[in-house]
Structure formats: C-alpha cells, structure tokens
Amino acid sequence: MSATARPRTVTYCHCSDCRRITGAPVAAFAAFAPHQVIFTPSKGPRKSFTKGVDRWFCLDCGTQLCARYDYLPDDLYLPIGILDQAADLVPEGHSHANSTLPWLHILDDLPRDGASGRDRLNG
C-alpha cells in the first residue's frame, strides 16, 4: 500500500468500535482521498460490522487496512500504525472523546469532539 499525497488529516478515535477493531485503547487514523491510496495487490473484500462503516482487512494477516464512514464519504481512513511514516503523522484532534476510557489520559491541547467530529473532519 502507498499514498500519493500527505493525509488530509490525522485523528485519534476513542469509539468502542475502533477500539474493538484495533485491539487498542485508542485508535489513530490518517485520512486520504480514495484516489490517493494504492493497494497492491488490492484492498480485498469490504466488511461491515457497524451500520455506516465499511472496513477492509489484509487477506493474509487480518490487519485492518482502511475504513470508510458514511458521514465522511470523501476519505479513506488508514490506521497510522500500518504506515511506514507513522512517526511523522501527528494527530490533530480526538473523535468520540466522550467514549474515552476513564483511565486513559492523553494530555494534549488538541480539539476534542464528543462524538464523530464530522464537522471538523469534513472541514
């Protein structure tokens, strides 16, 4: 997989769906326009476990490759942990902050959207 441009945005997601899919207490994703991401050989079949969310997974190891959200139709969200440039992809905000695990304390001054953050992410 490769991208032909820098991501439009990078964000943390604290929703329970992303926590379950990633197996982590918080997820972080980079948003790209679909035409900016090249999957080799392909991103595989689409899976939908939650209404309005489509996800694609590596057929060999099961790692999530990307997700598309109905309310963010212009972007593919790639987990930053699978990208070689992860160290350079600094999150710009928190989505679903109202679902943050009570023992998780990320001390930053980034915007925190209580729910999806669609206005900020579509901005």
# chains A, B, ... in the order shown; residues from 1 in each chain; ligands from 1
call {"tool": "residues_around", "arguments": {"residues": "A:Thr22", "least_positions_apart": "6", "cutoff": "12 Å", "atoms": "only C-alpha atoms", "output": "list in words"}}
result
Cys13, His14, Cys15, Ser16, Ala28, Phe29, Arg55, Phe57, Gly62, Thr63, Gln64, Leu65, Cys66, Ala67, Leu78, Pro79, Ile80, Gly81 and Ile82 of chain A
call {"tool": "select_by_dssp", "arguments": {"residues": "chain A", "states": "alpha helix (DSSP H)", "output": "PyMOL selection string"}}
result
chain A and resi 16-22+118-122
call {"tool": "write_last_selection", "arguments": {"atoms": "C-alpha atoms", "output": "PDB file, in the first residue's frame"}}
result
ATOM      1  CA  SER A  16     -15.777   1.409  21.104  1.00  0.00           C
ATOM      2  CA  ASP A  17     -15.993   0.147  17.514  1.00  0.00           C
ATOM      3  CA  CYS A  18     -12.476   1.360  16.651  1.00  0.00           C
ATOM      4  CA  ARG A  19     -11.131   0.081  19.963  1.00  0.00           C
ATOM      5  CA  ARG A  20     -12.508  -3.390  19.226  1.00  0.00           C
ATOM      6  CA  ILE A  21     -11.258  -3.462  15.635  1.00  0.00           C
ATOM      7  CA  THR A  22      -7.737  -2.323  16.578  1.00  0.00           C
ATOM      8  CA  ARG A 118     -17.723  15.062  11.316  1.00  0.00           C
ATOM      9  CA  ASP A 119     -17.722  18.871  11.090  1.00  0.00           C
ATOM     10  CA  ARG A 120     -14.019  19.134  11.915  1.00  0.00           C
ATOM     11  CA  LEU A 121     -13.078  16.121   9.776  1.00  0.00           C
ATOM     12  CA  ASN A 122     -15.136  17.227   6.774  1.00  0.00           C
TER      13      ASN A 122
END
call {"tool": "residues_around", "arguments": {"residues": "stretch 41-53 of chain A", "least_positions_apart": "6", "cutoff": "6 Å", "atoms": "only C-alpha atoms", "output": "list in words"}}
result
Arg68, Tyr69 and Asp70 of chain A
call {"tool": "write_last_selection", "arguments": {"atoms": "N, CA, C and O atoms", "output": "PDB file, in the first residue's frame"}}
result
ATOM      1  N   ARG A  68     -14.062   3.324   5.659  1.00  0.00           N
ATOM      2  CA  ARG A  68     -14.805   4.445   5.089  1.00  0.00           C
ATOM      3  C   ARG A  68     -16.087   4.586   5.895  1.00  0.00           C
ATOM      4  O   ARG A  68     -16.756   3.602   6.188  1.00  0.00           O
ATOM      5  N   TYR A  69     -16.403   5.833   6.234  1.00  0.00           N
ATOM      6  CA  TYR A  69     -17.562   6.150   7.058  1.00  0.00           C
ATOM      7  C   TYR A  69     -18.578   6.904   6.205  1.00  0.00           C
ATOM      8  O   TYR A  69     -18.206   7.842   5.488  1.00  0.00           O
ATOM      9  N   ASP A  70     -19.850   6.527   6.298  1.00  0.00           N
ATOM     10  CA  ASP A  70     -20.888   7.180   5.508  1.00  0.00           C
ATOM     11  C   ASP A  70     -20.893   8.694   5.704  1.00  0.00           C
ATOM     12  O   ASP A  70     -21.134   9.436   4.766  1.00  0.00           O
TER      13      ASP A  70
END
call {"tool": "closest_residue", "arguments": {"among": "A:Met1, A:Val37, A:Ala27, A:Leu110", "to": "A:Cys58", "atoms": "only C-alpha atoms"}}
result
A:Met1
call {"tool": "closest_residue", "arguments": {"among": "A:Leu76, A:Cys61, A:Ala3, A:Ala115", "to": "A:Gly93", "atoms": "only C-alpha atoms"}}
result
A:Ala115
call {"tool": "decode", "arguments": {"residues": "stretch 49-61 of chain A", "atoms": "all heavy atoms", "output": "PDB file, in the first residue's frame"}}
result
ATOM      1  N   PHE A  49     -19.301  -4.269   9.906  1.00  0.00           N
ATOM      2  CA  PHE A  49     -19.737  -4.784  11.200  1.00  0.00           C
ATOM      3  C   PHE A  49     -20.645  -3.795  11.910  1.00  0.00           C
ATOM      4  O   PHE A  49     -21.357  -4.145  12.829  1.00  0.00           O
ATOM      5  CB  PHE A  49     -18.529  -5.090  12.098  1.00  0.00           C
ATOM      6  CG  PHE A  49     -17.545  -6.028  11.466  1.00  0.00           C
ATOM      7  CD1 PHE A  49     -16.348  -5.558  10.968  1.00  0.00           C
ATOM      8  CD2 PHE A  49     -17.825  -7.376  11.330  1.00  0.00           C
ATOM      9  CE1 PHE A  49     -15.431  -6.416  10.373  1.00  0.00           C
ATOM     10  CE2 PHE A  49     -16.923  -8.240  10.736  1.00  0.00           C
ATOM     11  CZ  PHE A  49     -15.722  -7.756  10.260  1.00  0.00           C
ATOM     12  N   THR A  50     -20.561  -2.536  11.496  1.00  0.00           N
ATOM     13  CA  THR A  50     -21.328  -1.445  12.087  1.00  0.00           C
ATOM     14  C   THR A  50     -21.999  -0.676  10.963  1.00  0.00           C
ATOM     15  O   THR A  50     -21.346  -0.354   9.960  1.00  0.00           O
ATOM     16  CB  THR A  50     -20.387  -0.501  12.871  1.00  0.00           C
ATOM     17  OG1 THR A  50     -19.683  -1.262  13.851  1.00  0.00           O
ATOM     18  CG2 THR A  50     -21.161   0.603  13.552  1.00  0.00           C
ATOM     19  N   LYS A  51     -23.277  -0.378  11.119  1.00  0.00           N
ATOM     20  CA  LYS A  51     -24.007   0.343  10.087  1.00  0.00           C
ATOM     21  C   LYS A  51     -23.292   1.660   9.766  1.00  0.00           C
ATOM     22  O   LYS A  51     -22.924   2.415  10.652  1.00  0.00           O
ATOM     23  CB  LYS A  51     -25.435   0.627  10.550  1.00  0.00           C
ATOM     24  CG  LYS A  51     -26.273   1.279   9.492  1.00  0.00           C
ATOM     25  CD  LYS A  51     -27.685   1.513   9.933  1.00  0.00           C
ATOM     26  CE  LYS A  51     -28.427   2.170   8.788  1.00  0.00           C
ATOM     27  NZ  LYS A  51     -29.784   2.463   9.075  1.00  0.00           N
ATOM     28  N   GLY A  52     -23.082   1.890   8.470  1.00  0.00           N
ATOM     29  CA  GLY A  52     -22.467   3.128   8.021  1.00  0.00           C
ATOM     30  C   GLY A  52     -20.951   3.110   7.987  1.00  0.00           C
ATOM     31  O   GLY A  52     -20.322   4.111   7.648  1.00  0.00           O
ATOM     32  N   VAL A  53     -20.345   1.961   8.338  1.00  0.00           N
ATOM     33  CA  VAL A  53     -18.878   1.855   8.347  1.00  0.00           C
ATOM     34  C   VAL A  53     -18.477   0.629   7.525  1.00  0.00           C
ATOM     35  O   VAL A  53     -18.910  -0.480   7.812  1.00  0.00           O
ATOM     36  CB  VAL A  53     -18.318   1.715   9.782  1.00  0.00           C
ATOM     37  CG1 VAL A  53     -16.802   1.628   9.746  1.00  0.00           C
ATOM     38  CG2 VAL A  53     -18.790   2.852  10.666  1.00  0.00           C
ATOM     39  N   ASP A  54     -17.661   0.857   6.513  1.00  0.00           N
ATOM     40  CA  ASP A  54     -17.090  -0.229   5.719  1.00  0.00           C
ATOM     41  C   ASP A  54     -15.618  -0.326   6.053  1.00  0.00           C
ATOM     42  O   ASP A  54     -14.935   0.701   6.179  1.00  0.00           O
ATOM     43  CB  ASP A  54     -17.253   0.043   4.218  1.00  0.00           C
ATOM     44  CG  ASP A  54     -18.706   0.024   3.789  1.00  0.00           C
ATOM     45  OD1 ASP A  54     -19.495  -0.758   4.349  1.00  0.00           O
ATOM     46  OD2 ASP A  54     -19.053   0.793   2.871  1.00  0.00           O
ATOM     47  N   ARG A  55     -15.121  -1.547   6.185  1.00  0.00           N
ATOM     48  CA  ARG A  55     -13.713  -1.768   6.517  1.00  0.00           C
ATOM     49  C   ARG A  55     -13.142  -2.825   5.579  1.00  0.00           C
ATOM     50  O   ARG A  55     -13.854  -3.697   5.091  1.00  0.00           O
ATOM     51  CB  ARG A  55     -13.567  -2.242   7.961  1.00  0.00           C
ATOM     52  CG  ARG A  55     -14.056  -1.227   8.979  1.00  0.00           C
ATOM     53  CD  ARG A  55     -13.844  -1.730  10.399  1.00  0.00           C
ATOM     54  NE  ARG A  55     -14.476  -0.874  11.373  1.00  0.00           N
ATOM     55  CZ  ARG A  55     -13.947   0.223  11.889  1.00  0.00           C
ATOM     56  NH1 ARG A  55     -12.752   0.606  11.516  1.00  0.00           N
ATOM     57  NH2 ARG A  55     -14.601   0.946  12.781  1.00  0.00           N
ATOM     58  N   TRP A  56     -11.828  -2.724   5.367  1.00  0.00           N
ATOM     59  CA  TRP A  56     -11.093  -3.688   4.560  1.00  0.00           C
ATOM     60  C   TRP A  56      -9.925  -4.205   5.374  1.00  0.00           C
ATOM     61  O   TRP A  56      -9.294  -3.447   6.108  1.00  0.00           O
ATOM     62  CB  TRP A  56     -10.594  -3.033   3.269  1.00  0.00           C
ATOM     63  CG  TRP A  56     -11.710  -2.709   2.316  1.00  0.00           C
ATOM     64  CD1 TRP A  56     -12.130  -3.475   1.267  1.00  0.00           C
ATOM     65  CD2 TRP A  56     -12.536  -1.540   2.300  1.00  0.00           C
ATOM     66  NE1 TRP A  56     -13.165  -2.859   0.611  1.00  0.00           N
ATOM     67  CE2 TRP A  56     -13.445  -1.659   1.235  1.00  0.00           C
ATOM     68  CE3 TRP A  56     -12.618  -0.396   3.102  1.00  0.00           C
ATOM     69  CZ2 TRP A  56     -14.393  -0.696   0.932  1.00  0.00           C
ATOM     70  CZ3 TRP A  56     -13.568   0.565   2.809  1.00  0.00           C
ATOM     71  CH2 TRP A  56     -14.443   0.407   1.738  1.00  0.00           C
ATOM     72  N   PHE A  57      -9.634  -5.514   5.237  1.00  0.00           N
ATOM     73  CA  PHE A  57      -8.607  -6.170   6.033  1.00  0.00           C
ATOM     74  C   PHE A  57      -7.661  -6.957   5.133  1.00  0.00           C
ATOM     75  O   PHE A  57      -8.072  -7.493   4.100  1.00  0.00           O
ATOM     76  CB  PHE A  57      -9.247  -7.134   7.037  1.00  0.00           C
ATOM     77  CG  PHE A  57     -10.163  -6.457   8.012  1.00  0.00           C
ATOM     78  CD1 PHE A  57     -11.485  -6.201   7.699  1.00  0.00           C
ATOM     79  CD2 PHE A  57      -9.683  -6.055   9.250  1.00  0.00           C
ATOM     80  CE1 PHE A  57     -12.320  -5.563   8.600  1.00  0.00           C
ATOM     81  CE2 PHE A  57     -10.510  -5.415  10.156  1.00  0.00           C
ATOM     82  CZ  PHE A  57     -11.835  -5.164   9.831  1.00  0.00           C
ATOM     83  N   CYS A  58      -6.411  -7.057   5.545  1.00  0.00           N
ATOM     84  CA  CYS A  58      -5.429  -7.852   4.819  1.00  0.00           C
ATOM     85  C   CYS A  58      -5.885  -9.312   4.804  1.00  0.00           C
ATOM     86  O   CYS A  58      -6.210  -9.879   5.849  1.00  0.00           O
ATOM     87  CB  CYS A  58      -4.064  -7.727   5.489  1.00  0.00           C
ATOM     88  SG  CYS A  58      -2.804  -8.778   4.726  1.00  0.00           S
ATOM     89  N   LEU A  59      -5.901  -9.899   3.624  1.00  0.00           N
ATOM     90  CA  LEU A  59      -6.324 -11.296   3.500  1.00  0.00           C
ATOM     91  C   LEU A  59      -5.311 -12.259   4.098  1.00  0.00           C
ATOM     92  O   LEU A  59      -5.658 -13.386   4.451  1.00  0.00           O
ATOM     93  CB  LEU A  59      -6.580 -11.636   2.031  1.00  0.00           C
ATOM     94  CG  LEU A  59      -7.757 -10.891   1.398  1.00  0.00           C
ATOM     95  CD1 LEU A  59      -7.825 -11.184  -0.098  1.00  0.00           C
ATOM     96  CD2 LEU A  59      -9.055 -11.268   2.078  1.00  0.00           C
ATOM     97  N   ASP A  60      -4.049 -11.838   4.228  1.00  0.00           N
ATOM     98  CA  ASP A  60      -3.018 -12.717   4.775  1.00  0.00           C
ATOM     99  C   ASP A  60      -2.967 -12.696   6.298  1.00  0.00           C
ATOM    100  O   ASP A  60      -2.898 -13.733   6.941  1.00  0.00           O
ATOM    101  CB  ASP A  60      -1.645 -12.343   4.218  1.00  0.00           C
ATOM    102  CG  ASP A  60      -1.517 -12.651   2.743  1.00  0.00           C
ATOM    103  OD1 ASP A  60      -2.171 -13.606   2.267  1.00  0.00           O
ATOM    104  OD2 ASP A  60      -0.785 -11.925   2.058  1.00  0.00           O
ATOM    105  N   CYS A  61      -2.979 -11.493   6.905  1.00  0.00           N
ATOM    106  CA  CYS A  61      -2.774 -11.415   8.355  1.00  0.00           C
ATOM    107  C   CYS A  61      -3.966 -10.873   9.141  1.00  0.00           C
ATOM    108  O   CYS A  61      -3.979 -10.940  10.363  1.00  0.00           O
ATOM    109  CB  CYS A  61      -1.538 -10.566   8.671  1.00  0.00           C
ATOM    110  SG  CYS A  61      -1.756  -8.809   8.326  1.00  0.00           S
TER     111      CYS A  61
END
